[in-house]
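Quick look at model_21.cif (mmCIF, C-alpha atoms):
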data_protein
loop_
_atom_site.label_atom_id
_atom_site.label_comp_id
_atom_site.auth_asym_id
_atom_site.auth_seq_id
_atom_site.Cartn_x
_atom_site.Cartn_y
_atom_site.Cartn_z
CA LEU A 1 -10.03 -37.36 -13.86
CA SER A 2 -7.11 -38.91 -15.63
CA VAL A 3 -6.03 -35.91 -17.69
CA PRO A 4 -6.49 -32.25 -16.84
CA VAL A 5 -8.47 -31.34 -19.94
CA GLY A 6 -11.20 -33.64 -18.78
CA TYR A 7 -10.75 -36.58 -21.13
CA LEU A 8 -10.93 -39.64 -19.00
CA SER A 9 -9.52 -43.08 -19.47
CA PRO A 10 -11.68 -46.21 -19.45
CA GLU A 11 -10.65 -46.84 -15.85
CA GLU A 12 -12.22 -43.58 -14.66
CA PRO A 13 -15.86 -43.08 -13.68
CA SER A 14 -16.53 -40.36 -16.24
CA LEU A 15 -16.31 -42.59 -19.29
CA LEU A 16 -17.14 -45.98 -17.91
CA GLY A 17 -20.15 -47.22 -19.80
CA LEU A 18 -19.93 -44.39 -22.34
CA THR A 19 -17.95 -44.95 -25.53
CA SER A 20 -17.31 -42.47 -28.33
CA THR A 21 -17.75 -43.12 -32.04
CA SER A 22 -14.05 -43.79 -32.48
CA HIS A 23 -13.95 -46.54 -29.88
CA GLU A 24 -16.77 -48.75 -31.08
CA GLY A 25 -16.67 -52.26 -29.84
CA GLU A 26 -14.99 -51.38 -26.56
CA ILE A 27 -16.62 -52.87 -23.51
CA PHE A 28 -16.71 -50.81 -20.35
CA LEU A 29 -17.89 -51.89 -16.98
CA LEU A 30 -20.19 -49.60 -15.05
CA PRO A 31 -18.22 -47.55 -12.54
CA THR A 32 -18.22 -48.12 -8.82
CA PHE A 33 -16.87 -46.23 -5.83
CA SER A 34 -13.85 -48.51 -5.57
CA THR A 35 -11.24 -48.69 -2.84
CA ALA A 36 -8.79 -46.78 -5.02
CA ALA A 37 -11.39 -44.05 -5.51
CA LYS A 38 -12.00 -43.87 -1.75
CA VAL A 39 -8.29 -43.41 -1.10
CA ARG A 40 -8.21 -40.77 -3.81
CA VAL A 41 -11.05 -38.85 -2.19
CA ALA A 42 -9.38 -39.00 1.23
CA ILE A 43 -6.05 -37.74 -0.13
CA THR A 44 -7.83 -35.04 -2.13
CA PHE A 45 -9.46 -33.84 1.09
CA VAL A 46 -6.04 -33.57 2.77
CA LEU A 47 -4.63 -31.72 -0.24
CA PHE A 48 -7.65 -29.41 -0.21
CA LEU A 49 -7.11 -28.42 3.42
CA SER A 50 -3.35 -28.04 2.98
CA SER A 51 -3.56 -25.99 -0.19
CA ALA A 52 -6.30 -23.76 1.19
CA CYS A 53 -4.37 -23.06 4.40
CA PHE A 54 -1.02 -22.49 2.68
CA ASN A 55 -2.33 -20.20 -0.05
CA ILE A 56 -4.54 -18.21 2.31
CA ALA A 57 -1.51 -17.83 4.59
CA VAL A 58 0.46 -16.43 1.66
CA LEU A 59 -2.31 -13.95 0.86
CA TRP A 60 -2.46 -12.92 4.51
CA THR A 61 1.28 -12.38 4.87
CA VAL A 62 1.41 -10.32 1.69
CA THR A 63 -1.00 -7.83 3.26
CA GLN A 64 1.00 -7.60 6.52
CA LYS A 65 3.58 -4.84 5.98
CA TYR A 66 5.03 -6.66 2.98
CA ARG A 67 8.45 -5.14 2.29
CA LYS A 68 9.04 -6.53 -1.16
CA ARG A 69 8.44 -4.41 -4.22
CA PRO A 70 4.83 -4.04 -5.44
CA HIS A 71 5.48 -6.00 -8.65
CA VAL A 72 6.58 -9.05 -6.64
CA ARG A 73 3.56 -8.76 -4.35
CA ILE A 74 1.19 -8.73 -7.35
CA LEU A 75 2.76 -11.91 -8.69
CA ILE A 76 2.48 -13.73 -5.38
CA VAL A 77 -1.15 -12.66 -4.94
CA ASN A 78 -2.11 -13.88 -8.41
CA LEU A 79 -0.26 -17.17 -7.99
CA ALA A 80 -2.04 -17.82 -4.70
CA ALA A 81 -5.37 -16.86 -6.32
CA ALA A 82 -4.79 -19.31 -9.18
CA ASP A 83 -3.85 -22.09 -6.77
CA LEU A 84 -6.94 -21.32 -4.68
CA LEU A 85 -9.03 -21.60 -7.84
CA VAL A 86 -7.55 -25.05 -8.38
CA THR A 87 -8.19 -25.82 -4.72
CA PHE A 88 -11.82 -24.76 -4.62
CA VAL A 89 -12.85 -25.90 -8.11
CA VAL A 90 -10.75 -28.85 -9.25
CA MET A 91 -10.29 -30.65 -5.94
CA PRO A 92 -13.93 -30.61 -4.70
CA LEU A 93 -15.16 -31.47 -8.20
CA ASP A 94 -12.82 -34.43 -8.44
CA ALA A 95 -13.73 -35.72 -4.97
CA ALA A 96 -17.48 -35.33 -5.44
CA TRP A 97 -17.37 -36.92 -8.88
CA ASN A 98 -15.56 -39.98 -7.58
CA ILE A 99 -18.09 -40.34 -4.77
CA THR A 100 -21.24 -39.97 -6.88
CA VAL A 101 -19.70 -41.83 -9.87
CA GLN A 102 -22.45 -40.43 -12.10
CA TRP A 103 -23.13 -36.78 -12.97
CA TYR A 104 -26.19 -35.47 -11.13
CA ALA A 105 -25.64 -31.70 -11.57
CA GLY A 106 -27.18 -31.35 -15.04
CA ASP A 107 -25.91 -30.24 -18.43
CA LEU A 108 -25.31 -26.56 -17.57
CA ALA A 109 -23.21 -27.39 -14.51
CA CYS A 110 -21.30 -29.97 -16.56
CA ARG A 111 -20.26 -27.37 -19.12
CA ALA A 112 -19.58 -24.62 -16.55
CA LEU A 113 -17.51 -26.73 -14.17
CA MET A 114 -15.42 -28.27 -16.94
CA PHE A 115 -14.77 -24.72 -18.16
CA LEU A 116 -13.79 -23.46 -14.69
CA LYS A 117 -11.61 -26.50 -14.09
CA LEU A 118 -9.53 -25.82 -17.16
CA VAL A 119 -9.41 -22.06 -16.43
CA ALA A 120 -7.93 -22.83 -13.02
CA MET A 121 -5.27 -25.13 -14.42
CA TYR A 122 -4.39 -22.75 -17.24
CA ALA A 123 -4.12 -19.83 -14.82
CA SER A 124 -1.83 -21.73 -12.47
CA ALA A 125 0.53 -22.64 -15.33
CA PHE A 126 0.46 -19.23 -17.03
CA ILE A 127 1.07 -17.23 -13.85
CA THR A 128 4.06 -19.44 -13.12
CA VAL A 129 5.32 -18.44 -16.56
CA VAL A 130 4.78 -14.75 -15.73
CA ILE A 131 6.84 -15.17 -12.56
CA SER A 132 9.59 -16.80 -14.61
CA LEU A 133 9.61 -13.88 -17.05
CA ASP A 134 9.71 -11.41 -14.16
CA ARG A 135 12.67 -13.18 -12.55
CA GLN A 136 14.47 -13.23 -15.89
CA ALA A 137 13.99 -9.47 -16.30
CA ALA A 138 15.13 -8.85 -12.72
CA ILE A 139 18.41 -10.72 -13.24
CA LEU A 140 19.21 -9.89 -16.87
CA HIS A 141 17.90 -6.31 -16.99
CA PRO A 142 17.95 -4.94 -13.42
CA LEU A 143 18.02 -1.30 -14.58
CA SER A 144 14.65 -1.66 -16.31
CA MET A 145 12.82 -2.84 -13.18
CA GLY A 146 11.25 0.60 -12.71
CA ASP A 147 8.46 -0.41 -15.10
CA ALA A 148 8.19 -3.93 -13.65
CA LYS A 149 4.84 -3.31 -11.97
CA LYS A 150 3.24 -2.08 -15.18
CA LYS A 151 4.72 -4.93 -17.23
CA ASN A 152 3.66 -7.55 -14.70
CA LYS A 153 0.10 -6.22 -14.63
CA ALA A 154 -0.04 -6.45 -18.41
CA MET A 155 1.36 -10.00 -18.44
CA LEU A 156 -1.04 -11.08 -15.69
CA CYS A 157 -4.00 -9.69 -17.63
CA VAL A 158 -2.85 -11.63 -20.69
CA ALA A 159 -2.40 -14.78 -18.59
CA TRP A 160 -5.92 -14.64 -17.16
CA ALA A 161 -7.44 -13.68 -20.52
CA LEU A 162 -5.72 -16.59 -22.27
CA SER A 163 -6.86 -18.94 -19.50
CA VAL A 164 -10.47 -17.99 -20.11
CA LEU A 165 -10.16 -17.97 -23.90
CA LEU A 166 -8.41 -21.33 -24.20
CA ALA A 167 -10.87 -22.96 -21.80
CA LEU A 168 -13.98 -21.81 -23.69
CA PRO A 169 -14.13 -24.94 -25.94
CA GLN A 170 -14.82 -26.99 -22.82
CA MET A 171 -18.32 -25.49 -22.69
CA PHE A 172 -19.07 -26.89 -26.15
CA VAL A 173 -17.14 -30.16 -25.96
CA PHE A 174 -18.54 -31.42 -22.66
CA HIS A 175 -22.20 -32.15 -22.08
CA ALA A 176 -24.40 -34.45 -20.04
CA VAL A 177 -24.83 -37.82 -21.77
CA SER A 178 -27.22 -40.54 -20.64
CA ARG A 179 -27.87 -44.14 -21.57
CA SER A 180 -30.54 -46.56 -20.48
CA GLN A 181 -28.89 -49.92 -21.16
CA PRO A 182 -28.19 -52.03 -19.21
CA ILE A 183 -29.30 -49.54 -16.55
CA TYR A 184 -29.90 -45.79 -16.61
CA PHE A 185 -26.60 -43.96 -16.36
CA ILE A 186 -25.79 -40.26 -16.88
CA GLN A 187 -22.34 -38.75 -17.19
CA CYS A 188 -20.56 -35.49 -18.07
CA ALA A 189 -18.43 -36.52 -21.03
CA THR A 190 -17.33 -35.67 -24.58
CA VAL A 191 -19.21 -38.49 -26.28
CA GLY A 192 -20.50 -37.33 -29.68
CA SER A 193 -18.59 -34.05 -29.68
CA PHE A 194 -15.99 -35.27 -32.19
CA GLN A 195 -16.80 -36.86 -35.53
CA ALA A 196 -13.48 -38.69 -35.73
CA HIS A 197 -10.82 -39.87 -33.34
CA TRP A 198 -8.14 -37.64 -34.89
CA GLN A 199 -10.21 -34.55 -34.02
CA GLU A 200 -10.31 -35.56 -30.38
CA THR A 201 -6.58 -36.30 -30.40
CA LEU A 202 -5.84 -32.94 -32.04
CA TYR A 203 -7.84 -31.07 -29.40
CA ASN A 204 -6.13 -32.99 -26.63
CA MET A 205 -2.69 -32.30 -28.07
CA PHE A 206 -3.44 -28.59 -28.45
CA THR A 207 -4.57 -28.39 -24.83
CA PHE A 208 -1.59 -30.45 -23.70
CA SER A 209 0.79 -28.11 -25.52
CA CYS A 210 -0.75 -24.93 -24.09
CA LEU A 211 -1.14 -26.34 -20.60
CA PHE A 212 2.19 -28.09 -20.19
CA LEU A 213 4.69 -28.03 -23.06
CA LEU A 214 4.64 -24.30 -23.79
CA PRO A 215 4.84 -23.18 -20.12
CA LEU A 216 7.58 -25.73 -19.49
CA LEU A 217 9.57 -24.54 -22.50
CA ILE A 218 9.33 -20.88 -21.46
CA MET A 219 10.30 -21.62 -17.86
CA VAL A 220 13.29 -23.72 -18.88
CA MET A 221 14.48 -20.99 -21.24
CA CYS A 222 14.04 -18.25 -18.61
CA TYR A 223 15.83 -20.08 -15.83
CA SER A 224 18.57 -21.30 -18.16
CA ARG A 225 19.32 -17.68 -19.05
CA ILE A 226 19.21 -16.79 -15.34
CA LEU A 227 21.70 -19.53 -14.50
CA LEU A 228 24.04 -18.45 -17.28
CA GLU A 229 23.84 -14.79 -16.24
CA ILE A 230 24.44 -15.49 -12.55
CA SER A 231 27.31 -17.88 -13.18
CA GLY A 232 28.94 -15.40 -15.55
CA LYS A 233 28.66 -12.51 -13.12
CA MET A 234 29.94 -14.59 -10.21
CA LYS A 235 33.02 -15.54 -12.21
CA ARG A 236 33.68 -11.91 -13.05
CA GLU A 237 33.20 -10.83 -9.42
CA VAL A 238 35.17 -13.63 -7.77
CA HIS A 239 37.98 -11.23 -6.86
CA LEU A 240 35.55 -8.79 -5.18
CA ARG A 241 35.28 -10.54 -1.82
CA ARG A 242 33.30 -7.72 -0.24
CA SER A 243 30.50 -7.86 -2.78
CA TYR A 244 30.26 -11.64 -2.44
CA ASN A 245 28.29 -11.33 0.81
CA ASN A 246 25.68 -9.02 -0.71
CA ILE A 247 24.80 -9.35 -4.39
CA PRO A 248 25.70 -13.05 -4.97
CA ARG A 249 23.74 -14.11 -1.89
CA ALA A 250 20.53 -12.57 -3.25
CA ARG A 251 21.22 -14.08 -6.64
CA MET A 252 21.82 -17.49 -5.14
CA ARG A 253 18.48 -17.31 -3.35
CA THR A 254 16.77 -16.55 -6.66
CA LEU A 255 18.77 -19.32 -8.31
CA LYS A 256 17.69 -21.90 -5.72
CA MET A 257 14.07 -20.81 -5.94
CA SER A 258 14.20 -21.00 -9.73
CA ILE A 259 15.52 -24.55 -9.68
CA VAL A 260 12.86 -25.64 -7.20
CA ILE A 261 10.11 -24.02 -9.29
CA VAL A 262 11.10 -25.82 -12.47
CA LEU A 263 11.69 -29.17 -10.77
CA THR A 264 8.37 -28.99 -8.93
CA PHE A 265 6.42 -28.24 -12.09
CA ILE A 266 8.17 -31.03 -14.00
CA LEU A 267 7.97 -33.66 -11.26
CA CYS A 268 4.32 -33.01 -10.42
CA TRP A 269 2.83 -32.89 -13.91
CA THR A 270 5.09 -34.80 -16.31
CA PRO A 271 4.05 -38.35 -15.28
CA TYR A 272 0.39 -37.38 -15.40
CA TYR A 273 0.60 -35.91 -18.90
CA LEU A 274 2.65 -38.83 -20.17
CA LEU A 275 -0.14 -41.16 -19.10
CA GLY A 276 -2.62 -38.90 -20.88
CA LEU A 277 -0.54 -38.99 -24.07
CA TRP A 278 -0.38 -42.75 -23.85
CA TYR A 279 -4.14 -43.00 -23.65
CA TRP A 280 -4.79 -40.46 -26.41
CA PHE A 281 -2.63 -42.33 -28.94
CA SER A 282 -3.07 -45.91 -27.69
CA PRO A 283 -6.25 -46.17 -25.63
CA GLU A 284 -6.33 -49.93 -26.06
CA MET A 285 -3.04 -50.24 -24.13
CA LEU A 286 -4.53 -48.77 -20.96
CA SER A 287 -6.64 -51.75 -20.12
CA ARG A 288 -7.14 -52.91 -16.57
CA LYS A 289 -4.68 -55.74 -17.14
CA LYS A 290 -1.78 -53.58 -18.35
CA VAL A 291 -2.21 -50.40 -16.30
CA PRO A 292 -3.86 -50.56 -12.87
CA PRO A 293 -6.63 -48.00 -12.24
CA SER A 294 -4.78 -46.79 -9.16
CA LEU A 295 -1.99 -45.39 -11.35
CA SER A 296 -4.16 -42.66 -12.84
CA HIS A 297 -5.39 -41.79 -9.33
CA ILE A 298 -1.83 -41.46 -8.01
CA LEU A 299 -0.56 -39.37 -10.92
CA PHE A 300 -3.48 -36.95 -10.81
CA LEU A 301 -3.11 -36.45 -7.06
CA PHE A 302 0.59 -35.89 -7.56
CA GLY A 303 -0.27 -33.14 -10.03
CA LEU A 304 -2.67 -31.51 -7.59
CA PHE A 305 0.11 -31.52 -5.01
CA ASN A 306 1.72 -28.72 -7.02
CA ALA A 307 -0.95 -26.33 -5.72
CA CYS A 308 0.25 -27.09 -2.18
CA LEU A 309 3.92 -26.69 -3.05
CA ASP A 310 3.63 -23.33 -4.82
CA PRO A 311 2.92 -21.27 -1.68
CA LEU A 312 5.69 -23.12 0.16
CA ILE A 313 8.21 -22.43 -2.59
CA TYR A 314 7.38 -18.79 -3.08
CA GLY A 315 6.66 -18.20 0.58
CA LEU A 316 9.39 -20.08 2.41
CA PHE A 317 12.03 -18.45 0.24
CA THR A 318 10.80 -15.12 1.61
CA MET A 319 11.92 -14.18 5.11
CA HIS A 320 8.83 -12.01 5.60
CA PHE A 321 6.59 -15.06 5.15
CA ARG A 322 8.48 -17.10 7.74
CA ARG A 323 8.52 -14.21 10.18
CA GLU A 324 4.77 -13.64 9.94
CA ILE A 325 4.01 -17.36 10.29
CA ARG A 326 6.21 -17.59 13.40
CA HIS A 327 4.45 -14.53 14.82
CA VAL A 328 1.03 -16.12 14.29
CA CYS A 329 2.19 -19.40 15.83
CA ARG A 330 3.56 -17.62 18.91
CA CYS A 331 0.34 -15.67 19.39
CA THR A 332 -1.76 -18.83 18.99
CA HIS A 333 0.43 -20.77 21.43
CA ARG A 334 0.18 -18.06 24.06
CA ARG A 335 -3.58 -17.87 23.73
CA LYS A 336 -3.88 -21.61 24.23
CA GLU A 337 -1.63 -21.52 27.30
CA GLN A 338 -3.74 -18.82 28.94
CA GLY A 339 -6.90 -20.89 28.48
CA SER A 340 -9.13 -17.95 29.29
CA THR A 341 -12.09 -16.46 27.49
CA TRP A 342 -10.44 -13.09 28.05
CA TRP A 343 -7.40 -13.90 25.87
CA PRO A 344 -8.15 -11.19 23.27
CA LEU A 345 -8.02 -8.52 26.00
CA LEU A 346 -4.96 -10.10 27.60
CA ASP A 347 -3.16 -10.12 24.26
CA LEU A 348 -3.87 -6.45 23.77
CA LEU A 349 -2.66 -5.49 27.27
CA SER A 350 0.27 -7.80 27.87
CA LEU A 351 1.46 -9.45 24.68
CA CYS A 352 1.43 -6.30 22.59
CA PRO A 353 3.69 -3.78 24.36
CA SER A 354 2.49 -0.86 22.27
CA VAL A 355 -1.05 -1.06 23.65
CA SER A 356 0.14 -1.41 27.26
CA ARG A 357 2.52 1.50 26.88
CA TYR A 358 -0.21 3.57 25.27
CA SER A 359 -2.58 3.09 28.23
CA LYS A 360 0.14 3.94 30.80
CA LEU A 361 1.20 7.09 28.99
CA ARG A 362 -2.42 8.15 28.60
CA GLN A 363 -3.00 7.83 32.34
CA ALA A 364 0.23 9.69 33.19
CA ALA A 365 -0.62 12.53 30.83
CA ARG A 366 -3.97 13.05 32.57
CA THR A 367 -2.42 13.15 36.09
CA PRO A 368 -2.74 16.62 37.75
CA ALA A 369 0.51 18.58 38.04
CA GLY A 370 0.50 18.63 41.83
CA MET A 371 0.09 14.87 42.19
CA GLY A 372 2.34 13.24 39.62
CA GLY A 373 5.08 15.78 38.91
CA GLY A 374 5.22 18.12 35.95
CA GLY A 375 8.31 16.55 34.41
CA HIS A 376 6.80 13.11 34.38
CA ARG A 377 3.60 14.42 32.86
CA GLU A 378 5.50 16.28 30.11
CA ARG A 379 7.53 13.18 29.22
CA ALA A 380 4.32 11.14 29.12
CA ALA A 381 2.69 13.67 26.80
CA VAL A 382 5.66 13.57 24.43
CA GLY A 383 5.70 9.76 24.44
CA LEU A 384 1.94 9.64 23.91
CA GLY A 385 2.18 11.95 20.92
CA SER A 386 4.84 9.86 19.24
CA LEU A 387 2.98 6.63 19.96
CA GLU A 388 -0.30 7.96 18.58
CA ARG A 389 1.44 8.83 15.33
CA SER A 390 2.69 5.25 14.95
CA PRO A 391 0.46 2.22 14.25
CA LEU A 392 -0.33 0.00 17.21
CA LYS A 393 1.02 -3.52 17.11
CA VAL A 394 -1.81 -5.99 17.54
CA CYS A 395 -1.18 -9.73 17.46
#
Please go through the file and, once you have read it, give me the structure as structure tokens.
Amino acid sequence: LSVPVGYLSPEEPSLLGLTSTSHEGEIFLLPTFSTAAKVRVAITFVLFLSSACFNIAVLWTVTQKYRKRPHVRILIVNLAAADLLVTFVVMPLDAAWNITVQWYAGDLACRALMFLKLVAMYASAFITVVISLDRQAAILHPLSMGDAKKKNKAMLCVAWALSVLLALPQMFVFHAVSRSQPIYFIQCATVGSFQAHWQETLYNMFTFSCLFLLPLLIMVMCYSRILLEISGKMKREVHLRRSYNNIPRARMRTLKMSIVIVLTFILCWTPYYLLGLWYWFSPEMLSRKKVPPSLSHILFLFGLFNACLDPLIYGLFTMHFRREIRHVCRCTHRRKEQGSTWWPLLDLLSLCPSVSRYSKLRQAARTPAGMGGGGHRERAAVGLGSLERSPLKVC
């Protein structure tokens, strides 16, 4: 897949052997599962595992006594969900398609999967924009953050709705196309969907603008305003040394995260889209002699890497995320060291002090007055009551 909207260059398996009406006379070789494609599949598998683990970890930590405000939690959950959609739709589809070379899933699956693929990529970009708008409101208008949850829910609904709406043309543009010469070959492509080359270019440019240019423009504007606001306030507060350790530190953390967000989005997707633009306007320049097929593989994988980086950026800048991950790692390490099939019970009794204390207090409270001492029993009853009212800590 050489461009995210699904239009593939002559070097890719999806259009090899299938030419559109605007490219008559072009000669394409039948696709093969080349060495570059094999490397691409292997790297995609690694990205799939990494992205799935990272984003699921973010979703898990958000549900574990997350201290941040609800509007931030909603944004993180939706971002992880969008990245998981990319992970479980785009990555497996790309890997399987490179392995099979042809399209064996039929016309309905061709239309549906191309639609879902673009929905996933739209959602990932649009939710990043929503997060940018939320951060801008938090820095520029901190007094209006009381309605942040309601506003974020509305923006997220618009983001998902636009993702579905803008991806709908994929169901009509893509279809299963077959040819019998020189051998039978079937592919999921856009051949015959456009009457002229300019129509195809116009559709590609519209998708490119909505998927990359518009989100990039909004994010740059938001974070530029954030930088200007923070720098202005820090200059005005430079004489207030006591406030420097509180407010500016939080603002600097947001500033750093903002810069990383923008740079990650630009670095991951800009080279890939530039190659797509090159092909859309000058497809004859992307021949095997001028541009190696491995270049499109590398740039697309680099774009997919953004789904792995998002949970790291939004998660590692949050102390709660790091604390929960360290807690899970410690519990896992201890379980491995014990090497016993009884490690769940051992964790409950020894590693989690609340459970051990609960059992001891329960036993002391049941001890007869003549055997254990009334004072001890009363203290145990008081401790048991307070412990029962608090949640037990379970690793």
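Taken over the whole file, the PyMOL selection byres ((chain A and resi 110) around 10) covers exactly A:Trp103, A:Tyr104, A:Ala105, A:Gly106, A:Asp107, A:Leu108, A:Ala109, A:Arg111, A:Ala112, A:Leu113, A:Met114, A:Phe115, A:Gln170, A:Met171, A:Phe174, A:His175, A:Ala176, A:Gln187, A:Cys188, A:Ala189.
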Worksheet item: For this file, the PyMOL selection byres ((chain A and resi 194-211) around 7) selects which residues, as a PyMOL selection string?
Response: chain A and resi 5+22+122+125+192-193+212-215+280
Restricted to C-alpha atoms, what would the selected residues look like written as a compact mmCIF listing (two decimals), in the coordinates of the input?
# COMPACT_ATOMS: atom_id res chain seq x y z
CA VAL A 5 -8.47 -31.34 -19.94
CA SER A 22 -14.05 -43.79 -32.48
CA TYR A 122 -4.39 -22.75 -17.24
CA ALA A 125 0.53 -22.64 -15.33
CA GLY A 192 -20.50 -37.33 -29.68
CA SER A 193 -18.59 -34.05 -29.68
CA PHE A 212 2.19 -28.09 -20.19
CA LEU A 213 4.69 -28.03 -23.06
CA LEU A 214 4.64 -24.30 -23.79
CA PRO A 215 4.84 -23.18 -20.12
CA TRP A 280 -4.79 -40.46 -26.41
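Residues in contact with range 145-155 of chain A at 10 Å, where only C-alpha atoms are counted and same-chain residues fewer than 6 positions away are skipped, are listed as Arg69, Pro70, His71, Val72, Arg73, Ile74, Leu75, Phe126, Ile127, Val129, Val130, Ile131, Leu133, Asp134, Ala137, Ala138, Ile139 and Ala161 of chain A.
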Practice prompt. May I have the residues at most 10 Å from (-2.6, -30.7, -3.2) in the file's coordinates, counting all atoms listed in the file, as a PyMOL selection string?
Written response: chain A and resi 43-52+83+86-87+91+300-310
Worksheet entry | Å distance separating CA of Leu312 in chain A from CA of Val262 in chain A, one decimal place | 14.0 Å
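Distance check against Ser296 in chain A using all atoms listed in the file: of A:Thr100, A:Val41, A:Gly276, A:Ser282, the minimum falls on A:Gly276.
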Discussion item. What does the structure give for the distance between CA of Arg40 in chain A and CA of Asp94 in chain A, in Å to one decimal?
Written reply: 9.1 Å
Worksheet item: To one decimal place, how far is CA of Thr264 in chain A from CA of Ala37 in chain A in Å?
Response: 25.1 Å
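In terms of minimum interatomic distance to Ile230 in chain A, A:Leu140 ranks closest within A:Cys268, A:Ile76, A:Leu140, A:Met257, counting only C-alpha atoms.
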Can you fill out range 290-310 of chain A with N, CA and C atoms and hand it back as a PDB file, keeping the file's coordinate frame?
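As a result, selection20.pdb now contains:
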ATOM      1  N   LYS A 290      -3.112 -54.128 -18.117  1.00  0.00           N
ATOM      2  CA  LYS A 290      -1.780 -53.580 -18.350  1.00  0.00           C
ATOM      3  C   LYS A 290      -1.463 -52.415 -17.426  1.00  0.00           C
ATOM      4  N   VAL A 291      -2.418 -51.558 -17.173  1.00  0.00           N
ATOM      5  CA  VAL A 291      -2.210 -50.400 -16.300  1.00  0.00           C
ATOM      6  C   VAL A 291      -3.261 -50.418 -15.208  1.00  0.00           C
ATOM      7  N   PRO A 292      -2.874 -50.525 -13.953  1.00  0.00           N
ATOM      8  CA  PRO A 292      -3.860 -50.560 -12.870  1.00  0.00           C
ATOM      9  C   PRO A 292      -4.591 -49.232 -12.753  1.00  0.00           C
ATOM     10  N   PRO A 293      -5.874 -49.244 -12.385  1.00  0.00           N
ATOM     11  CA  PRO A 293      -6.630 -48.000 -12.240  1.00  0.00           C
ATOM     12  C   PRO A 293      -6.030 -47.063 -11.203  1.00  0.00           C
ATOM     13  N   SER A 294      -5.352 -47.635 -10.204  1.00  0.00           N
ATOM     14  CA  SER A 294      -4.780 -46.790  -9.160  1.00  0.00           C
ATOM     15  C   SER A 294      -3.685 -45.870  -9.679  1.00  0.00           C
ATOM     16  N   LEU A 295      -3.067 -46.215 -10.823  1.00  0.00           N
ATOM     17  CA  LEU A 295      -1.990 -45.390 -11.350  1.00  0.00           C
ATOM     18  C   LEU A 295      -2.481 -44.012 -11.758  1.00  0.00           C
ATOM     19  N   SER A 296      -3.626 -43.964 -12.443  1.00  0.00           N
ATOM     20  CA  SER A 296      -4.160 -42.660 -12.840  1.00  0.00           C
ATOM     21  C   SER A 296      -4.560 -41.842 -11.622  1.00  0.00           C
ATOM     22  N   HIS A 297      -5.063 -42.497 -10.574  1.00  0.00           N
ATOM     23  CA  HIS A 297      -5.390 -41.790  -9.330  1.00  0.00           C
ATOM     24  C   HIS A 297      -4.131 -41.160  -8.728  1.00  0.00           C
ATOM     25  N   ILE A 298      -3.066 -41.940  -8.644  1.00  0.00           N
ATOM     26  CA  ILE A 298      -1.830 -41.460  -8.010  1.00  0.00           C
ATOM     27  C   ILE A 298      -1.236 -40.290  -8.789  1.00  0.00           C
ATOM     28  N   LEU A 299      -1.189 -40.412 -10.115  1.00  0.00           N
ATOM     29  CA  LEU A 299      -0.560 -39.370 -10.920  1.00  0.00           C
ATOM     30  C   LEU A 299      -1.361 -38.072 -10.890  1.00  0.00           C
ATOM     31  N   PHE A 300      -2.681 -38.174 -10.875  1.00  0.00           N
ATOM     32  CA  PHE A 300      -3.480 -36.950 -10.810  1.00  0.00           C
ATOM     33  C   PHE A 300      -3.322 -36.259  -9.456  1.00  0.00           C
ATOM     34  N   LEU A 301      -3.318 -37.034  -8.388  1.00  0.00           N
ATOM     35  CA  LEU A 301      -3.110 -36.450  -7.060  1.00  0.00           C
ATOM     36  C   LEU A 301      -1.726 -35.825  -6.950  1.00  0.00           C
ATOM     37  N   PHE A 302      -0.752 -36.448  -7.578  1.00  0.00           N
ATOM     38  CA  PHE A 302       0.590 -35.890  -7.560  1.00  0.00           C
ATOM     39  C   PHE A 302       0.630 -34.545  -8.286  1.00  0.00           C
ATOM     40  N   GLY A 303      -0.177 -34.419  -9.342  1.00  0.00           N
ATOM     41  CA  GLY A 303      -0.270 -33.140 -10.030  1.00  0.00           C
ATOM     42  C   GLY A 303      -0.939 -32.081  -9.179  1.00  0.00           C
ATOM     43  N   LEU A 304      -1.996 -32.455  -8.468  1.00  0.00           N
ATOM     44  CA  LEU A 304      -2.670 -31.510  -7.590  1.00  0.00           C
ATOM     45  C   LEU A 304      -1.764 -31.044  -6.450  1.00  0.00           C
ATOM     46  N   PHE A 305      -0.812 -31.871  -6.092  1.00  0.00           N
ATOM     47  CA  PHE A 305       0.110 -31.520  -5.010  1.00  0.00           C
ATOM     48  C   PHE A 305       0.902 -30.258  -5.328  1.00  0.00           C
ATOM     49  N   ASN A 306       1.006 -29.934  -6.619  1.00  0.00           N
ATOM     50  CA  ASN A 306       1.720 -28.720  -7.020  1.00  0.00           C
ATOM     51  C   ASN A 306       1.068 -27.469  -6.451  1.00  0.00           C
ATOM     52  N   ALA A 307      -0.258 -27.483  -6.301  1.00  0.00           N
ATOM     53  CA  ALA A 307      -0.950 -26.330  -5.720  1.00  0.00           C
ATOM     54  C   ALA A 307      -0.581 -26.134  -4.255  1.00  0.00           C
ATOM     55  N   CYS A 308      -0.204 -27.212  -3.572  1.00  0.00           N
ATOM     56  CA  CYS A 308       0.250 -27.090  -2.180  1.00  0.00           C
ATOM     57  C   CYS A 308       1.701 -26.639  -2.100  1.00  0.00           C
ATOM     58  N   LEU A 309       2.494 -27.022  -3.085  1.00  0.00           N
ATOM     59  CA  LEU A 309       3.920 -26.690  -3.050  1.00  0.00           C
ATOM     60  C   LEU A 309       4.202 -25.254  -3.461  1.00  0.00           C
ATOM     61  N   ASP A 310       3.381 -24.696  -4.344  1.00  0.00           N
ATOM     62  CA  ASP A 310       3.630 -23.330  -4.820  1.00  0.00           C
ATOM     63  C   ASP A 310       3.745 -22.313  -3.696  1.00  0.00           C
TER      64      ASP A 310
END
